[in-house]
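**Q** Below is work.cif; it holds mmCIF, C-alpha atoms and all ligand atoms; chains and numbers go by the auth columns.
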data_entry
loop_
_atom_site.group_PDB
_atom_site.id
_atom_site.type_symbol
_atom_site.label_atom_id
_atom_site.label_comp_id
_atom_site.label_asym_id
_atom_site.label_seq_id
_atom_site.Cartn_x
_atom_site.Cartn_y
_atom_site.Cartn_z
_atom_site.B_iso_or_equiv
_atom_site.auth_seq_id
_atom_site.auth_asym_id
ATOM 1 C CA MET A 1 0.000 0.000 0.000 0.00 1 A
ATOM 2 C CA LYS A 2 1.159 3.547 -0.766 0.00 2 A
ATOM 3 C CA MET A 3 1.721 6.189 1.930 0.00 3 A
ATOM 4 C CA PRO A 4 -1.437 8.331 1.800 0.00 4 A
ATOM 5 C CA ARG A 5 -1.825 12.035 2.572 0.00 5 A
ATOM 6 C CA GLY A 6 -4.162 13.011 5.409 0.00 6 A
ATOM 7 C CA LEU A 7 -4.844 12.398 9.069 0.00 7 A
ATOM 8 C CA TYR A 8 -2.586 9.750 10.615 0.00 8 A
ATOM 9 C CA VAL A 9 -4.188 8.450 13.813 0.00 9 A
ATOM 10 C CA ILE A 10 -2.046 6.754 16.452 0.00 10 A
ATOM 11 C CA THR A 11 -3.647 4.554 19.079 0.00 11 A
ATOM 12 C CA ASP A 12 -3.299 5.182 22.771 0.00 12 A
ATOM 13 C CA ASN A 13 -2.871 2.519 25.485 0.00 13 A
ATOM 14 C CA SER A 14 -5.556 4.187 27.541 0.00 14 A
ATOM 15 C CA LEU A 15 -8.288 3.189 25.036 0.00 15 A
ATOM 16 C CA GLY A 16 -8.549 -0.259 26.633 0.00 16 A
ATOM 17 C CA ASP A 17 -11.645 -2.148 25.461 0.00 17 A
ATOM 18 C CA LEU A 18 -12.656 0.797 23.272 0.00 18 A
ATOM 19 C CA LEU A 19 -9.626 0.400 20.993 0.00 19 A
ATOM 20 C CA LEU A 20 -11.415 -1.122 18.012 0.00 20 A
ATOM 21 C CA ALA A 21 -14.533 1.028 18.293 0.00 21 A
ATOM 22 C CA ALA A 22 -12.410 4.173 18.573 0.00 22 A
ATOM 23 C CA VAL A 23 -10.291 3.304 15.532 0.00 23 A
ATOM 24 C CA GLU A 24 -13.389 2.395 13.540 0.00 24 A
ATOM 25 C CA ALA A 25 -14.904 5.791 14.388 0.00 25 A
ATOM 26 C CA ALA A 26 -11.722 7.478 13.153 0.00 26 A
ATOM 27 C CA LEU A 27 -11.804 5.449 9.928 0.00 27 A
ATOM 28 C CA GLU A 28 -15.444 6.387 9.404 0.00 28 A
ATOM 29 C CA GLY A 29 -14.453 10.019 9.835 0.00 29 A
ATOM 30 C CA GLY A 30 -11.844 9.622 7.091 0.00 30 A
ATOM 31 C CA ALA A 31 -8.525 8.856 8.839 0.00 31 A
ATOM 32 C CA ALA A 32 -5.987 8.087 6.103 0.00 32 A
ATOM 33 C CA ILE A 33 -3.596 5.834 8.036 0.00 33 A
ATOM 34 C CA VAL A 34 -3.491 4.098 11.442 0.00 34 A
ATOM 35 C CA GLN A 35 -0.552 3.288 13.729 0.00 35 A
ATOM 36 C CA TYR A 36 -0.832 0.737 16.528 0.00 36 A
ATOM 37 C CA ARG A 37 1.231 2.177 19.393 0.00 37 A
ATOM 38 C CA ASP A 38 1.189 0.099 22.544 0.00 38 A
ATOM 39 C CA LYS A 39 3.986 0.309 25.056 0.00 39 A
ATOM 40 C CA SER A 40 2.655 -2.389 27.400 0.00 40 A
ATOM 41 C CA GLY A 41 4.918 -5.313 26.506 0.00 41 A
ATOM 42 C CA ASP A 42 1.920 -7.676 26.797 0.00 42 A
ATOM 43 C CA HIS A 43 2.803 -9.921 23.862 0.00 43 A
ATOM 44 C CA ASP A 44 -0.448 -11.864 23.557 0.00 44 A
ATOM 45 C CA ARG A 45 -2.719 -8.843 23.833 0.00 45 A
ATOM 46 C CA ARG A 46 -0.586 -6.881 21.379 0.00 46 A
ATOM 47 C CA LEU A 47 -0.751 -9.711 18.861 0.00 47 A
ATOM 48 C CA SER A 48 -4.501 -10.046 19.207 0.00 48 A
ATOM 49 C CA GLU A 49 -5.175 -6.285 19.035 0.00 49 A
ATOM 50 C CA ALA A 50 -2.869 -5.797 16.065 0.00 50 A
ATOM 51 C CA HIS A 51 -4.627 -8.657 14.217 0.00 51 A
ATOM 52 C CA SER A 52 -8.038 -7.133 14.857 0.00 52 A
ATOM 53 C CA LEU A 53 -6.880 -3.664 13.839 0.00 53 A
ATOM 54 C CA LEU A 54 -5.433 -4.994 10.599 0.00 54 A
ATOM 55 C CA ALA A 55 -8.752 -6.659 9.708 0.00 55 A
ATOM 56 C CA LEU A 56 -10.525 -3.380 10.457 0.00 56 A
ATOM 57 C CA CYS A 57 -8.090 -1.296 8.391 0.00 57 A
ATOM 58 C CA ARG A 58 -8.451 -3.745 5.481 0.00 58 A
ATOM 59 C CA ARG A 59 -12.239 -3.160 5.517 0.00 59 A
ATOM 60 C CA TYR A 60 -11.600 0.571 5.073 0.00 60 A
ATOM 61 C CA ASP A 61 -8.693 0.022 2.681 0.00 61 A
ATOM 62 C CA ARG A 62 -6.345 1.992 4.942 0.00 62 A
ATOM 63 C CA PRO A 63 -2.773 1.057 5.913 0.00 63 A
ATOM 64 C CA LEU A 64 -1.938 -0.144 9.420 0.00 64 A
ATOM 65 C CA LEU A 65 1.581 0.515 10.683 0.00 65 A
ATOM 66 C CA ILE A 66 3.047 -0.917 13.874 0.00 66 A
ATOM 67 C CA ASN A 67 5.053 1.283 16.206 0.00 67 A
ATOM 68 C CA ASP A 68 8.520 0.073 17.246 0.00 68 A
ATOM 69 C CA ASP A 69 8.035 -3.648 16.533 0.00 69 A
ATOM 70 C CA VAL A 70 9.092 -5.264 13.258 0.00 70 A
ATOM 71 C CA ASP A 71 8.410 -8.757 14.658 0.00 71 A
ATOM 72 C CA LEU A 72 4.793 -7.869 15.337 0.00 72 A
ATOM 73 C CA ALA A 73 4.401 -6.245 11.913 0.00 73 A
ATOM 74 C CA LEU A 74 5.760 -9.394 10.293 0.00 74 A
ATOM 75 C CA ALA A 75 3.628 -11.699 12.443 0.00 75 A
ATOM 76 C CA ILE A 76 0.353 -10.090 11.390 0.00 76 A
ATOM 77 C CA GLY A 77 1.282 -8.935 7.871 0.00 77 A
ATOM 78 C CA ALA A 78 0.914 -5.215 8.688 0.00 78 A
ATOM 79 C CA ASP A 79 1.520 -2.601 6.009 0.00 79 A
ATOM 80 C CA GLY A 80 4.622 -1.242 7.697 0.00 80 A
ATOM 81 C CA VAL A 81 6.357 0.040 10.798 0.00 81 A
ATOM 82 C CA HIS A 82 7.274 3.321 12.409 0.00 82 A
ATOM 83 C CA LEU A 83 10.765 3.331 13.952 0.00 83 A
ATOM 84 C CA GLY A 84 12.294 5.919 16.235 0.00 84 A
ATOM 85 C CA ARG A 85 15.977 6.665 16.638 0.00 85 A
ATOM 86 C CA THR A 86 16.519 3.772 19.069 0.00 86 A
ATOM 87 C CA ASP A 87 14.013 1.287 17.618 0.00 87 A
ATOM 88 C CA GLY A 88 16.373 -0.554 15.272 0.00 88 A
ATOM 89 C CA SER A 89 17.616 -0.252 11.734 0.00 89 A
ATOM 90 C CA LEU A 90 15.362 0.837 8.889 0.00 90 A
ATOM 91 C CA ALA A 91 17.447 -1.134 6.405 0.00 91 A
ATOM 92 C CA ALA A 92 17.000 -4.317 8.459 0.00 92 A
ATOM 93 C CA ALA A 93 13.263 -3.645 8.695 0.00 93 A
ATOM 94 C CA ARG A 94 13.129 -3.220 4.907 0.00 94 A
ATOM 95 C CA GLU A 95 14.932 -6.501 4.436 0.00 95 A
ATOM 96 C CA ARG A 96 12.454 -8.307 6.657 0.00 96 A
ATOM 97 C CA LEU A 97 9.228 -6.591 5.551 0.00 97 A
ATOM 98 C CA GLY A 98 9.950 -6.327 1.834 0.00 98 A
ATOM 99 C CA PRO A 99 9.857 -3.588 -0.793 0.00 99 A
ATOM 100 C CA ASP A 100 6.159 -2.751 -0.448 0.00 100 A
ATOM 101 C CA ALA A 101 6.205 -2.092 3.308 0.00 101 A
ATOM 102 C CA ILE A 102 5.759 1.506 4.449 0.00 102 A
ATOM 103 C CA LEU A 103 8.672 2.506 6.690 0.00 103 A
ATOM 104 C CA GLY A 104 8.361 5.641 8.794 0.00 104 A
ATOM 105 C CA ALA A 105 11.211 7.295 10.685 0.00 105 A
ATOM 106 C CA THR A 106 11.356 9.718 13.580 0.00 106 A
ATOM 107 C CA CYS A 107 13.610 12.677 12.758 0.00 107 A
ATOM 108 C CA HIS A 108 12.774 14.964 15.731 0.00 108 A
ATOM 109 C CA ASP A 109 14.018 18.389 14.551 0.00 109 A
ATOM 110 C CA SER A 110 16.998 17.233 12.529 0.00 110 A
ATOM 111 C CA LEU A 111 17.656 17.232 8.784 0.00 111 A
ATOM 112 C CA GLY A 112 20.719 15.104 9.587 0.00 112 A
ATOM 113 C CA TYR A 113 18.498 12.408 11.101 0.00 113 A
ATOM 114 C CA ALA A 114 16.268 12.738 8.062 0.00 114 A
ATOM 115 C CA ALA A 115 19.240 12.183 5.723 0.00 115 A
ATOM 116 C CA GLU A 116 20.110 9.016 7.662 0.00 116 A
ATOM 117 C CA ALA A 117 16.503 7.842 7.435 0.00 117 A
ATOM 118 C CA VAL A 118 16.452 8.408 3.679 0.00 118 A
ATOM 119 C CA GLN A 119 19.681 6.424 3.428 0.00 119 A
ATOM 120 C CA GLY A 120 18.062 3.624 5.439 0.00 120 A
ATOM 121 C CA GLY A 121 15.118 3.461 3.046 0.00 121 A
ATOM 122 C CA ALA A 122 12.384 5.405 4.867 0.00 122 A
ATOM 123 C CA ASP A 123 9.140 6.120 2.997 0.00 123 A
ATOM 124 C CA TYR A 124 8.226 9.095 5.157 0.00 124 A
ATOM 125 C CA LEU A 125 9.957 11.407 7.590 0.00 125 A
ATOM 126 C CA ALA A 126 8.295 12.398 10.861 0.00 126 A
ATOM 127 C CA PHE A 127 9.158 15.635 12.667 0.00 127 A
ATOM 128 C CA GLY A 128 8.092 16.855 16.080 0.00 128 A
ATOM 129 C CA ALA A 129 6.919 17.445 18.656 0.00 129 A
ATOM 130 C CA MET A 130 5.511 20.495 16.928 0.00 130 A
ATOM 131 C CA TYR A 131 3.684 21.683 20.075 0.00 131 A
ATOM 132 C CA PRO A 132 3.675 20.576 23.727 0.00 132 A
ATOM 133 C CA SER A 133 2.283 17.051 23.867 0.00 133 A
ATOM 134 C CA ALA A 134 0.234 15.756 26.775 0.00 134 A
ATOM 135 C CA THR A 135 0.865 12.209 25.548 0.00 135 A
ATOM 136 C CA LYS A 136 4.663 12.616 25.490 0.00 136 A
ATOM 137 C CA PRO A 137 5.520 15.629 27.629 0.00 137 A
ATOM 138 C CA GLY A 138 9.299 15.142 27.340 0.00 138 A
ATOM 139 C CA ALA A 139 9.341 14.933 23.542 0.00 139 A
ATOM 140 C CA HIS A 140 11.928 16.940 21.557 0.00 140 A
ATOM 141 C CA ARG A 141 10.438 20.057 19.987 0.00 141 A
ATOM 142 C CA ALA A 142 10.662 20.993 16.324 0.00 142 A
ATOM 143 C CA ASP A 143 9.834 24.100 14.351 0.00 143 A
ATOM 144 C CA PRO A 144 7.151 23.627 11.667 0.00 144 A
ATOM 145 C CA ALA A 145 9.527 25.198 9.107 0.00 145 A
ATOM 146 C CA ILE A 146 11.535 21.942 9.054 0.00 146 A
ATOM 147 C CA LEU A 147 8.637 20.270 7.231 0.00 147 A
ATOM 148 C CA GLY A 148 9.068 22.381 4.108 0.00 148 A
ATOM 149 C CA LEU A 149 12.868 22.177 4.226 0.00 149 A
ATOM 150 C CA ALA A 150 12.808 18.364 4.441 0.00 150 A
ATOM 151 C CA LYS A 151 10.207 18.037 1.722 0.00 151 A
ATOM 152 C CA VAL A 152 12.279 20.050 -0.725 0.00 152 A
ATOM 153 C CA ARG A 153 15.565 18.407 0.243 0.00 153 A
ATOM 154 C CA PHE A 154 14.455 14.762 0.290 0.00 154 A
ATOM 155 C CA GLY A 155 11.308 14.614 -1.849 0.00 155 A
ATOM 156 C CA LEU A 156 9.560 12.285 0.601 0.00 156 A
ATOM 157 C CA PRO A 157 6.231 12.745 2.424 0.00 157 A
ATOM 158 C CA VAL A 158 6.657 14.604 5.699 0.00 158 A
ATOM 159 C CA VAL A 159 4.614 13.886 8.824 0.00 159 A
ATOM 160 C CA ALA A 160 4.088 16.315 11.705 0.00 160 A
ATOM 161 C CA ILE A 161 3.484 14.989 15.224 0.00 161 A
ATOM 162 C CA GLY A 162 3.068 16.268 18.761 0.00 162 A
ATOM 163 C CA GLY A 163 0.354 18.378 20.370 0.00 163 A
ATOM 164 C CA ILE A 164 -1.595 18.773 17.150 0.00 164 A
ATOM 165 C CA ASN A 165 -5.184 20.003 17.270 0.00 165 A
ATOM 166 C CA THR A 166 -7.585 21.494 14.752 0.00 166 A
ATOM 167 C CA ASP A 167 -6.496 25.037 15.684 0.00 167 A
ATOM 168 C CA ASN A 168 -2.789 24.546 15.000 0.00 168 A
ATOM 169 C CA ALA A 169 -3.197 22.046 12.127 0.00 169 A
ATOM 170 C CA PRO A 170 -3.533 24.753 9.416 0.00 170 A
ATOM 171 C CA GLU A 171 -0.079 26.115 10.309 0.00 171 A
ATOM 172 C CA LEU A 172 1.428 22.661 9.766 0.00 172 A
ATOM 173 C CA LEU A 173 -0.354 22.147 6.461 0.00 173 A
ATOM 174 C CA ALA A 174 0.841 25.564 5.306 0.00 174 A
ATOM 175 C CA ALA A 175 4.396 24.527 6.312 0.00 175 A
ATOM 176 C CA GLY A 176 4.150 21.480 4.024 0.00 176 A
ATOM 177 C CA ALA A 177 2.921 18.567 6.161 0.00 177 A
ATOM 178 C CA ASP A 178 1.561 15.659 4.113 0.00 178 A
ATOM 179 C CA CYS A 179 0.191 13.934 7.205 0.00 179 A
ATOM 180 C CA LEU A 180 -0.769 15.084 10.672 0.00 180 A
ATOM 181 C CA ALA A 181 -0.122 12.373 13.279 0.00 181 A
ATOM 182 C CA VAL A 182 -2.481 12.742 16.217 0.00 182 A
ATOM 183 C CA ILE A 183 -3.167 10.821 19.414 0.00 183 A
ATOM 184 C CA HIS A 184 -4.832 12.900 22.114 0.00 184 A
ATOM 185 C CA ASP A 185 -6.975 15.232 20.042 0.00 185 A
ATOM 186 C CA ILE A 186 -8.646 12.171 18.478 0.00 186 A
ATOM 187 C CA PHE A 187 -8.445 9.317 20.976 0.00 187 A
ATOM 188 C CA GLY A 188 -8.596 11.483 24.092 0.00 188 A
ATOM 189 C CA ARG A 189 -12.208 12.272 23.221 0.00 189 A
ATOM 190 C CA PRO A 190 -15.384 10.434 24.146 0.00 190 A
ATOM 191 C CA LEU A 191 -16.183 7.730 21.579 0.00 191 A
ATOM 192 C CA PRO A 192 -19.212 9.557 20.072 0.00 192 A
ATOM 193 C CA ASP A 193 -17.004 12.589 19.242 0.00 193 A
ATOM 194 C CA ILE A 194 -14.174 10.787 17.455 0.00 194 A
ATOM 195 C CA ARG A 195 -15.787 10.462 14.045 0.00 195 A
ATOM 196 C CA ALA A 196 -16.781 14.123 13.819 0.00 196 A
ATOM 197 C CA ARG A 197 -13.386 15.353 15.012 0.00 197 A
ATOM 198 C CA THR A 198 -11.608 13.168 12.460 0.00 198 A
ATOM 199 C CA ALA A 199 -13.843 14.595 9.746 0.00 199 A
ATOM 200 C CA VAL A 200 -12.812 18.141 10.727 0.00 200 A
ATOM 201 C CA TYR A 201 -9.170 17.212 10.101 0.00 201 A
ATOM 202 C CA GLN A 202 -10.003 15.539 6.814 0.00 202 A
ATOM 203 C CA GLN A 203 -11.718 18.694 5.602 0.00 203 A
ATOM 204 C CA LEU A 204 -8.495 20.628 6.232 0.00 204 A
ATOM 205 C CA PHE A 205 -6.789 18.391 3.648 0.00 205 A
ATOM 206 C CA ASP A 206 -9.498 18.821 0.991 0.00 206 A
HETATM 207 C C1 LIG B . 4.237 9.197 12.838 0.00 301 A
HETATM 208 C C2 LIG B . 5.087 9.082 14.052 0.00 301 A
HETATM 209 N N1 LIG B . 6.060 9.990 14.241 0.00 301 A
HETATM 210 C C3 LIG B . 6.839 9.922 15.324 0.00 301 A
HETATM 211 C C4 LIG B . 6.646 8.906 16.259 0.00 301 A
HETATM 212 C C5 LIG B . 7.526 8.797 17.462 0.00 301 A
HETATM 213 O O1 LIG B . 8.323 7.624 17.405 0.00 301 A
HETATM 214 P P1 LIG B . 9.454 7.403 18.529 0.00 301 A
HETATM 215 O O2 LIG B . 10.372 8.562 18.488 0.00 301 A
HETATM 216 O O3 LIG B . 10.043 6.074 18.352 0.00 301 A
HETATM 217 O O4 LIG B . 8.616 7.440 19.872 0.00 301 A
HETATM 218 P P2 LIG B . 7.477 6.406 20.339 0.00 301 A
HETATM 219 O O5 LIG B . 6.251 6.668 19.547 0.00 301 A
HETATM 220 O O6 LIG B . 7.967 5.003 20.089 0.00 301 A
HETATM 221 O O7 LIG B . 7.296 6.706 21.778 0.00 301 A
HETATM 222 C C6 LIG B . 5.606 7.996 16.026 0.00 301 A
HETATM 223 N N2 LIG B . 5.333 6.991 16.861 0.00 301 A
HETATM 224 N N3 LIG B . 4.858 8.091 14.910 0.00 301 A
HETATM 225 C C1 LIG B . 4.753 9.732 19.965 0.00 302 A
HETATM 226 C C2 LIG B . 5.127 11.151 19.964 0.00 302 A
HETATM 227 N N1 LIG B . 6.334 11.555 19.513 0.00 302 A
HETATM 228 C C3 LIG B . 6.500 12.877 19.578 0.00 302 A
HETATM 229 S S1 LIG B . 5.160 13.645 20.249 0.00 302 A
HETATM 230 C C4 LIG B . 4.332 12.167 20.405 0.00 302 A
HETATM 231 C C5 LIG B . 2.963 12.061 20.980 0.00 302 A
HETATM 232 C C6 LIG B . 1.904 12.624 20.085 0.00 302 A
HETATM 233 O O1 LIG B . 0.673 12.549 20.739 0.00 302 A
HETATM 234 P P1 LIG B . -0.316 13.786 20.868 0.00 302 A
HETATM 235 O O2 LIG B . -0.979 13.945 19.522 0.00 302 A
HETATM 236 O O3 LIG B . -1.300 13.341 21.914 0.00 302 A
HETATM 237 O O4 LIG B . 0.493 14.981 21.286 0.00 302 A
HETATM 238 MG MG MG B . 9.507 4.287 18.968 0.00 303 A
#
Step by step, read the file and then write its structure as structure tokens.
Ligand SMILES: Cc1ncc(COP(=O)(O)OP(=O)(O)O)c(N)n1
Ligand SMILES: Cc1ncsc1CCOP(=O)(O)O
Ligand SMILES: [Mg+2]
**A**
Amino acid sequence: MKMPRGLYVITDNSLGDLLLAAVEAALEGGAAIVQYRDKSGDHDRRLSEAHSLLALCRRYDRPLLINDDVDLALAIGADGVHLGRTDGSLAAARERLGPDAILGATCHDSLGYAAEAVQGGADYLAFGAMYPSATKPGAHRADPAILGLAKVRFGLPVVAIGGINTDNAPELLAAGADCLAVIHDIFGRPLPDIRARTAVYQQLFD
């Protein structure tokens, strides 16, 4: 599957039993891509949830990426992985997942990290945190201007992450973001609000 443009929703551990319903609401609202991000280390639950999410994403014809874990991506046949600076080699992930897998790389606020990610075979470059993030309060900060610089320099899709909401999203789109990666402003909401909020983001891309 190709890396789409649009809202990139990332799941949150705190969703618990609402995980599938929440992701389905986001897909109904038009989310372009989903990342399963679970830091629990509970192998069996992660396998089962990732399987279910992949089936759901297939129904909506949207890619599912796995955060941090190439083994899990391989085990379920996910569409790709997102790897941070300490999550292992992109080139090794490419070797294991094959040429069609979508590989995403965290670049924080660094064009140097982005150059390394391009060298490793990344399909998109993620920059952030663009704004203070309640989900990851200690995250590095990045200036939105890096989005446009990276896009021109590397010719790959650029993803913005960190503290994004529908008020600050237009600034990121104007700076060149191809995707907005969001956790709290989507999955921190009550289930009945998720679909409508996702749709607001999607309209910003139209
Ligand atoms: C789309 C996207 N961008 C950045 C990240 C952050 O990845 P990483 O730096 O490895 O941090 P964790 O998410 O693993 O805490 C991401 N997950 N997705
Ligand atoms: C994983 C990650 N990496 C940088 S900020 C962040 C969290 C993004 O979550 P939120 O959209 O809730 O700020
Ligand atoms: Mg990581």
**Q** Starting from the PyMOL selection byres (((chain A and resi 200-204) around 7) and not hetatm), expand the selection into actual residues of this file and give them as a list in words.
**A**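 That selection, the PyMOL selection byres (((chain A and resi 200-204) around 7) and not hetatm), comes back as Gly6, Leu7, Gly30, Thr166, Ala196, Arg197, Thr198, Ala199, Phe205 and Asp206 of chain A.
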**Q** What does the distance from atom CA of Ala21 of chain A to atom MG of ligand MG 303 (chain A) come to in Å, to one decimal?
**A**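 Going from atom CA of Ala21 of chain A over to atom MG of ligand MG 303 (chain A) covers 24.3 Å.
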**Q** May I ask for the distance between atom CA of Leu90 of chain A and atom CA of Gly120 of chain A, given in Å to one decimal place?
**A**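 Result for atom CA of Leu90 of chain A versus atom CA of Gly120 of chain A: 5.2 Å, one decimal.
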**Q** Quote the spacing between atom CA of Met130 of chain A and atom S1 of ligand LIG 302 (chain A) in Å to one decimal place.
**A**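 Between atom CA of Met130 of chain A and atom S1 of ligand LIG 302 (chain A) the gap is 7.6 Å.
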**Q** Enumerate as a PDB file with C-alpha atoms, in the frame of the given file the residues within 12 Å of ligand MG 303 (chain A), counting all atoms listed in the file.
**A**
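The new file selection_28.pdb reads:
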ATOM      1  CA  GLN A  35      -0.552   3.288  13.729  1.00  0.00           C
ATOM      2  CA  TYR A  36      -0.832   0.737  16.528  1.00  0.00           C
ATOM      3  CA  ARG A  37       1.231   2.177  19.393  1.00  0.00           C
ATOM      4  CA  ASP A  38       1.189   0.099  22.544  1.00  0.00           C
ATOM      5  CA  LYS A  39       3.986   0.309  25.056  1.00  0.00           C
ATOM      6  CA  ILE A  66       3.047  -0.917  13.874  1.00  0.00           C
ATOM      7  CA  ASN A  67       5.053   1.283  16.206  1.00  0.00           C
ATOM      8  CA  ASP A  68       8.520   0.073  17.246  1.00  0.00           C
ATOM      9  CA  ASP A  69       8.035  -3.648  16.533  1.00  0.00           C
ATOM     10  CA  VAL A  70       9.092  -5.264  13.258  1.00  0.00           C
ATOM     11  CA  VAL A  81       6.357   0.040  10.798  1.00  0.00           C
ATOM     12  CA  HIS A  82       7.274   3.321  12.409  1.00  0.00           C
ATOM     13  CA  LEU A  83      10.765   3.331  13.952  1.00  0.00           C
ATOM     14  CA  GLY A  84      12.294   5.919  16.235  1.00  0.00           C
ATOM     15  CA  ARG A  85      15.977   6.665  16.638  1.00  0.00           C
ATOM     16  CA  THR A  86      16.519   3.772  19.069  1.00  0.00           C
ATOM     17  CA  ASP A  87      14.013   1.287  17.618  1.00  0.00           C
ATOM     18  CA  GLY A  88      16.373  -0.554  15.272  1.00  0.00           C
ATOM     19  CA  SER A  89      17.616  -0.252  11.734  1.00  0.00           C
ATOM     20  CA  GLY A 104       8.361   5.641   8.794  1.00  0.00           C
ATOM     21  CA  ALA A 105      11.211   7.295  10.685  1.00  0.00           C
ATOM     22  CA  THR A 106      11.356   9.718  13.580  1.00  0.00           C
ATOM     23  CA  CYS A 107      13.610  12.677  12.758  1.00  0.00           C
ATOM     24  CA  HIS A 108      12.774  14.964  15.731  1.00  0.00           C
ATOM     25  CA  ALA A 126       8.295  12.398  10.861  1.00  0.00           C
ATOM     26  CA  LYS A 136       4.663  12.616  25.490  1.00  0.00           C
ATOM     27  CA  ALA A 139       9.341  14.933  23.542  1.00  0.00           C
TER      28      ALA A 139
END
**Q** For a quick check of understanding, using all atoms listed in the file, which of A:Ile164, A:Ala175, A:Ala169, A:Val182 has the smallest distance to Val34 of chain A?
**A**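 Result for the nearest residue to Val34 of chain A: A:Val182.
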